[in-house]
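Structure file input_36.txt (compact mmCIF, C-alpha atoms and all ligand atoms) follows.
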```
# COMPACT_ATOMS: atom_id res chain seq x y z
CA MET A 1249 0.00 0.00 0.00
CA ARG A 1250 1.42 3.35 -1.00
CA ILE A 1251 0.32 6.65 0.50
CA LEU A 1252 1.08 10.20 -0.58
CA VAL A 1253 1.22 12.76 2.22
CA VAL A 1254 0.67 16.32 0.99
CA GLU A 1255 1.59 18.69 3.78
CA ASP A 1256 3.79 21.79 3.80
CA GLU A 1257 4.40 21.97 7.53
CA LYS A 1258 7.50 19.87 7.93
CA ARG A 1259 6.86 18.84 11.51
CA ILE A 1260 3.44 17.44 10.68
CA ALA A 1261 4.67 15.86 7.45
CA ASP A 1262 7.48 14.07 9.31
CA PHE A 1263 5.10 12.95 12.02
CA LEU A 1264 2.68 11.54 9.45
CA CYS A 1265 5.35 9.85 7.37
CA ARG A 1266 7.02 8.21 10.34
CA GLY A 1267 3.73 7.05 11.77
CA LEU A 1268 2.38 5.66 8.51
CA GLN A 1269 5.68 3.96 7.72
CA GLY A 1270 5.62 2.46 11.19
CA ALA A 1271 2.17 1.09 10.42
CA GLY A 1272 3.64 -0.69 7.42
CA TYR A 1273 2.79 1.64 4.53
CA ALA A 1274 5.09 3.00 1.88
CA VAL A 1275 4.90 6.76 2.12
CA ASP A 1276 5.92 9.63 -0.16
CA ALA A 1277 5.72 13.24 0.92
CA ALA A 1278 5.00 16.39 -1.06
CA GLY A 1279 5.33 19.87 0.44
CA THR A 1280 3.54 21.82 -2.27
CA GLY A 1281 0.53 21.38 -4.50
CA ALA A 1282 2.77 21.28 -7.57
CA ALA A 1283 4.95 18.53 -6.08
CA ALA A 1284 1.79 16.63 -5.12
CA LEU A 1285 0.47 16.74 -8.69
CA GLU A 1286 3.81 15.59 -10.01
CA ASN A 1287 3.74 12.62 -7.64
CA ILE A 1288 0.15 11.78 -8.45
CA HIS A 1289 0.84 11.73 -12.16
CA SER A 1290 3.98 9.68 -11.91
CA ALA A 1291 2.98 6.99 -9.41
CA ASP A 1292 -0.03 4.95 -8.37
CA TYR A 1293 -1.19 5.70 -4.87
CA ASP A 1294 -3.68 3.80 -2.78
CA LEU A 1295 -4.46 6.88 -0.73
CA VAL A 1296 -3.68 10.60 -0.58
CA VAL A 1297 -3.61 12.47 2.72
CA LEU A 1298 -4.15 16.08 1.72
CA ASP A 1299 -3.62 19.29 3.66
CA LEU A 1300 -5.84 22.12 2.40
CA MET A 1301 -3.60 25.09 3.07
CA LEU A 1302 -0.59 24.70 0.83
CA PRO A 1303 1.87 27.47 -0.01
CA ASP A 1304 1.29 27.46 -3.77
CA MET A 1305 -2.34 26.44 -4.16
CA ASP A 1306 -5.49 25.44 -2.34
CA GLY A 1307 -5.59 21.73 -1.52
CA LEU A 1308 -9.03 21.62 -3.12
CA GLU A 1309 -7.36 22.29 -6.47
CA VAL A 1310 -5.19 19.25 -5.93
CA LEU A 1311 -8.31 17.30 -5.06
CA GLU A 1312 -10.04 18.48 -8.22
CA ASN A 1313 -7.08 17.31 -10.24
CA ILE A 1314 -7.08 13.87 -8.59
CA ARG A 1315 -10.79 13.55 -9.22
CA SER A 1316 -10.31 14.31 -12.88
CA LYS A 1317 -8.36 11.08 -13.26
CA ARG A 1318 -10.53 8.18 -14.23
CA VAL A 1319 -9.61 6.03 -11.27
CA GLY A 1320 -8.14 8.25 -8.60
CA PRO A 1321 -7.07 7.14 -5.14
CA PRO A 1322 -9.24 7.93 -2.12
CA VAL A 1323 -8.44 11.28 -0.52
CA LEU A 1324 -8.38 12.07 3.18
CA ILE A 1325 -8.40 15.81 3.79
CA LEU A 1326 -6.44 17.06 6.73
CA SER A 1327 -7.08 20.62 7.69
CA ALA A 1328 -7.05 23.21 10.40
CA ARG A 1329 -10.24 24.53 8.83
CA GLY A 1330 -12.71 22.51 10.80
CA GLY A 1331 -15.86 24.46 10.07
CA LEU A 1332 -18.88 22.59 8.82
CA ASP A 1333 -18.80 24.50 5.51
CA ASP A 1334 -15.23 23.46 4.86
CA ARG A 1335 -15.96 19.88 5.65
CA VAL A 1336 -19.06 19.70 3.49
CA ASN A 1337 -17.22 21.54 0.74
CA GLY A 1338 -14.33 19.09 0.80
CA LEU A 1339 -16.57 16.06 0.79
CA GLU A 1340 -18.76 17.51 -1.97
CA GLN A 1341 -15.71 18.03 -4.11
CA GLY A 1342 -14.91 14.36 -3.87
CA ALA A 1343 -12.84 13.88 -0.75
CA ASP A 1344 -13.54 10.56 0.96
CA ASP A 1345 -13.01 11.69 4.50
CA TYR A 1346 -12.05 14.78 6.47
CA LEU A 1347 -9.99 15.11 9.61
CA THR A 1348 -9.52 18.35 11.52
CA LYS A 1349 -6.19 19.38 13.05
CA PRO A 1350 -5.05 18.76 15.67
CA PHE A 1351 -5.74 15.07 15.53
CA ALA A 1352 -4.52 11.97 17.30
CA PHE A 1353 -2.47 9.67 15.13
CA VAL A 1354 -4.57 6.68 16.13
CA GLU A 1355 -7.63 8.47 14.73
CA LEU A 1356 -5.88 9.22 11.46
CA LEU A 1357 -4.68 5.64 11.18
CA ALA A 1358 -8.19 4.29 11.81
CA ARG A 1359 -9.50 6.43 8.96
CA VAL A 1360 -6.63 5.57 6.65
CA ARG A 1361 -7.32 1.90 7.22
CA ALA A 1362 -11.02 2.34 6.69
CA LEU A 1363 -10.39 4.05 3.35
CA LEU A 1364 -7.86 1.45 2.24
CA ARG A 1365 -10.21 -1.34 3.23
CA ARG A 1366 -13.00 -0.18 0.97
CA GLY A 1367 -13.72 -2.80 -1.62
CA GLN A 1368 -11.83 -5.44 0.30
CA PRO A 1369 -14.02 -8.27 1.53
CA ALA A 1370 -12.74 -9.35 4.94
CA PRO A 1371 -13.27 -7.20 8.01
CA GLU A 1372 -10.10 -6.55 9.93
CA ARG A 1373 -9.54 -8.64 12.95
CA LEU A 1374 -6.30 -9.14 14.84
CA GLN A 1375 -5.51 -12.16 16.93
CA VAL A 1376 -2.69 -13.08 19.28
CA GLY A 1377 -3.25 -16.35 21.16
CA ASP A 1378 -6.86 -16.21 22.33
CA LEU A 1379 -6.91 -12.42 22.38
CA VAL A 1380 -8.99 -11.00 19.55
CA LEU A 1381 -9.28 -7.37 18.54
CA ASP A 1382 -11.99 -6.32 16.11
CA CYS A 1383 -10.70 -3.16 14.42
CA ILE A 1384 -14.03 -2.21 12.95
CA ARG A 1385 -16.33 -2.66 15.91
CA ARG A 1386 -13.46 -1.68 18.19
CA LYS A 1387 -14.10 -4.63 20.48
CA VAL A 1388 -11.64 -6.78 22.37
CA SER A 1389 -12.11 -10.25 23.81
CA ARG A 1390 -9.97 -12.90 25.35
CA GLY A 1391 -11.37 -16.41 25.22
CA ALA A 1392 -15.06 -16.01 25.94
CA GLU A 1393 -14.57 -12.82 27.89
CA THR A 1394 -15.29 -9.36 26.50
CA ILE A 1395 -12.78 -6.76 27.63
CA GLU A 1396 -13.56 -3.06 27.93
CA LEU A 1397 -10.69 -0.76 27.06
CA ALA A 1398 -10.31 3.00 27.20
CA PRO A 1399 -9.47 4.58 23.81
CA LYS A 1400 -5.73 4.99 24.48
CA GLU A 1401 -5.52 1.44 25.80
CA PHE A 1402 -7.23 0.24 22.65
CA GLY A 1403 -4.84 2.27 20.52
CA ILE A 1404 -1.79 0.79 22.21
CA LEU A 1405 -3.13 -2.73 22.04
CA GLU A 1406 -4.07 -2.41 18.38
CA TYR A 1407 -0.62 -1.06 17.54
CA MET A 1408 1.07 -3.89 19.45
CA MET A 1409 -1.12 -6.56 17.88
CA ARG A 1410 -0.45 -5.24 14.40
CA ASN A 1411 3.22 -5.62 15.19
CA HIS A 1412 2.98 -8.80 17.22
CA GLY A 1413 6.27 -10.51 17.83
CA ARG A 1414 8.10 -7.23 17.24
CA PRO A 1415 9.55 -5.28 20.18
CA LEU A 1416 8.25 -1.70 20.29
CA SER A 1417 9.98 1.12 22.11
CA ARG A 1418 8.10 3.49 24.39
CA THR A 1419 8.80 6.28 21.92
CA MET A 1420 7.26 4.31 19.06
CA ILE A 1421 4.20 3.63 21.16
CA VAL A 1422 3.85 7.28 22.18
CA GLU A 1423 4.24 8.43 18.59
CA HIS A 1424 1.55 6.08 17.44
CA VAL A 1425 -1.04 6.64 20.08
CA TRP A 1426 -0.70 10.17 21.45
CA ASP A 1427 -1.39 13.15 19.28
CA MET A 1428 1.50 14.98 17.76
CA ASP A 1429 1.45 17.80 20.25
CA TYR A 1430 2.03 15.43 23.11
CA ASP A 1431 5.45 16.15 24.56
CA GLY A 1432 5.20 14.53 27.95
CA LEU A 1433 7.25 11.63 29.18
CA THR A 1434 7.33 8.22 27.60
CA ASN A 1435 6.82 6.85 31.14
CA ILE A 1436 3.14 7.23 30.45
CA VAL A 1437 3.46 4.11 28.30
CA ASP A 1438 4.42 2.08 31.38
CA VAL A 1439 1.32 3.30 33.16
CA TYR A 1440 -0.91 2.29 30.26
CA ILE A 1441 0.81 -1.06 29.86
CA ARG A 1442 0.04 -1.73 33.53
CA HIS A 1443 -3.62 -0.94 32.89
CA LEU A 1444 -3.63 -3.16 29.82
CA ARG A 1445 -2.01 -6.03 31.68
CA SER A 1446 -4.57 -5.81 34.44
CA LYS A 1447 -7.31 -6.10 31.84
CA ILE A 1448 -5.98 -8.64 29.37
CA ASP A 1449 -3.26 -10.62 31.16
CA ASP A 1450 -3.51 -10.75 34.94
CA ARG A 1451 -6.42 -13.19 35.13
CA PHE A 1452 -4.95 -15.53 32.53
CA ALA A 1453 -2.20 -18.13 32.75
CA LEU A 1454 -0.59 -17.15 29.45
CA LYS A 1455 0.78 -13.62 29.60
CA LEU A 1456 0.73 -11.98 26.18
CA ILE A 1457 2.37 -8.61 26.87
CA GLN A 1458 6.10 -9.12 27.24
CA THR A 1459 8.58 -6.62 28.64
CA VAL A 1460 11.59 -6.40 26.37
CA ARG A 1461 14.44 -5.20 28.50
CA GLY A 1462 16.20 -2.10 27.19
CA ILE A 1463 13.59 -1.60 24.47
CA GLY A 1464 10.02 -1.56 25.60
CA TYR A 1465 7.18 -3.99 25.02
CA MET A 1466 6.00 -6.66 22.67
CA ILE A 1467 2.88 -8.76 22.38
CA GLU A 1468 3.23 -12.42 21.58
CA ALA A 1469 1.57 -15.64 22.64
CA PRO A 1470 4.12 -17.72 24.60
CA ASP A 1471 4.18 -21.50 24.29
CA LYS A 1472 3.69 -21.99 28.00
CA PRO A 1473 2.83 -19.92 31.06
CA ALA A 1474 5.70 -17.86 32.42
CA GLU A 1475 7.09 -19.19 35.68
CA ARG A 1476 6.79 -15.92 37.45
CA PRO A 1477 8.08 -14.44 39.58
CA ALA A 1478 11.33 -16.35 40.14
CA ASP A 1479 11.94 -17.81 36.68
CA ALA A 1480 15.02 -15.78 35.79
CA ALA A 1481 17.08 -16.53 38.87
CA THR A 1482 16.45 -20.24 39.33
CA GLN A 1483 17.72 -21.71 36.08
CA ALA A 1484 20.57 -23.64 37.68
CA CA A 1501 -0.56 23.72 5.53
```
What does this structure look like when you write it as structure tokens?
Ligand code: CA
Amino acid sequence: MRILVVEDEKRIADFLCRGLQGAGYAVDAAGTGAAALENIHSADYDLVVLDLMLPDMDGLEVLENIRSKRVGPPVLILSARGGLDDRVNGLEQGADDYLTKPFAFVELLARVRALLRRGQPAPERLQVGDLVLDCIRRKVSRGAETIELAPKEFGILEYMMRNHGRPLSRTMIVEHVWDMDYDGLTNIVDVYIRHLRSKIDDRFALKLIQTVRGIGYMIEAPDKPAERPADAATQA
């Protein structure tokens, strides 16, 4: 899947590119409307994330140009102009979705996925061991038990399950789940992981969330229950 990010503000463009790449997409960036049109005409994109206020033209002109292609990619408008008129205007001109700045990355990613999923048959469902996360209904269950998660907890869990078996640093987790203006400490990840563990792991023999020393966390189904708490010291 290849995504074009059209955004002139470098900080936001970098944030989007890093995040989308981290989610497994190939990402190109364009900082002007002209560069965006050049990209669009030279490559096939599965999705365009489009800022409306560009230095050289209105993003809606870029949108118009994309829509004039016979089969254009879906377009997600990203704008500080959050008024109802702007939103309706953007959608009427053929945008597929509209997100107002500031936004949380997890929200953007949910919409990106929804747009990319259109026309694909299977609903998205992630599974690690007996833990199941339904990305569309935003529901989580383990075995027969339904688990209620707060939005940030859900965001972290979804990110970890999409990358299951891969260690994720606290910084990666923060960048994926908190909005781009968040500049607090990455310690907050530890707090949320504790909450998540209490909801999805503590009552179960198999612990899915693993601490990866020196890195952060990873989710993976182990072959057998961990022999906590003294497993590390009693090997001999
Ligand atoms: Ca802009």
Item checked: Test item: residues no farther than 7 Å from ligand CA 1501 (chain A), counting only C-alpha atoms and all ligand atoms, as a list in words -> Glu1255, Asp1256, Glu1257, Asp1299, Leu1300, Met1301 and Leu1302 of chain A
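Between atom CA of Glu1406 of chain A and atom CA of Val1439 of chain A the interatomic distance comes to 16.7 Å.
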Item checked: Distance in Å - atom CA of Lys1472 of chain A versus atom CA of Gln1458 of chain A -> 13.1 Å
Margin query: Under the rule that only C-alpha atoms are counted, which of A:Ile1395, A:Ala1358, A:Ile1421, A:Val1323 is the nearest residue to Ala1343 of chain A?
Written below: A:Val1323
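One finds atom CA of Met1305 of chain A at 17.4 Å from atom CA of Gly1342 of chain A.
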Next item on the list: Would you kindly return, as a PyMOL selection string, each protein, DNA or RNA residue with an atom no farther than 9 Å from any atom of Val1296 of chain A, considering all atoms listed in the file and excluding same-chain residues fewer than 5 positions away?
Entry: chain A and resi 1250-1254+1288+1321-1325
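Counting only C-alpha atoms, Asp1304 of chain A has the following residues at most 8 Å away, ignoring those fewer than 5 positions along the same chain: A:Thr1280, A:Gly1281, A:Ala1282.
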Centre, x/y/z edge lengths, axis-aligned box for segment 1393-1396 of chain A with 5 Å per side, as lines of an AutoDock Vina configuration file:
```
center_x = -14.0
center_y = -7.9
center_z = 27.2
size_x = 12.5
size_y = 19.8
size_z = 11.4
```
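Comparing the minimum interatomic distances between Ser1327 of chain A and each of A:Pro1399, A:Gly1307, A:Gly1270, A:Pro1473, counting only C-alpha atoms, we find that A:Gly1307 sits nearest.
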Next item on the list: Find the residue from A:Met1420, A:Leu1298, A:Leu1363, A:Ala1274 that sits nearest to Thr1348 of chain A; use all atoms listed in the file when measuring.
Entry: A:Leu1298
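When all atoms listed in the file are used to measure the gap to Leu1456 of chain A, the shortest distance among A:Gly1413, A:Val1360, A:Val1422, A:Gly1267 belongs to A:Gly1413.
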Item checked: Close residues, Leu1379 of chain A itself excluded, 10 Å, all atoms listed in the file, min 6 positions apart in chain, as a list of chain:residue names -> A:Val1388, A:Ser1389, A:Arg1390, A:Gly1391, A:Ala1392, A:Glu1393, A:Thr1394, A:Ile1395, A:Met1409, A:Ile1448, A:Asp1449, A:Leu1456, A:Ala1469
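Comparing A:Ala1284, A:Ala1328, A:Cys1383, A:Thr1459 by their smallest distance to Glu1309 of chain A, the closest is A:Ala1284 (using only C-alpha atoms).
For Pro1470 of chain A, the non-local neighbours within 9 Å, defined as residues at least 5 positions apart in the same chain or in other chains and counting all atoms listed in the file, are A:Gly1377, A:Leu1454, A:Lys1455, A:Leu1456.
Ranking A:Leu1311, A:Arg1359, A:Asp1345, A:Ala1398 by their shortest atom-to-atom distance to Ile1384 of chain A, with all atoms listed in the file included, puts A:Arg1359 first.
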Next item on the list: Kindly provide, as an MDAnalysis selection string, the polymer residues lying within 12 Å of (9.0, 4.3, 21.3), counting all atoms listed in the file and using the coordinates exactly as they appear in the file.
Entry: chainID A and resid 1266:1267 1270 1404 1407:1408 1415:1426 1433:1438 1462:1466
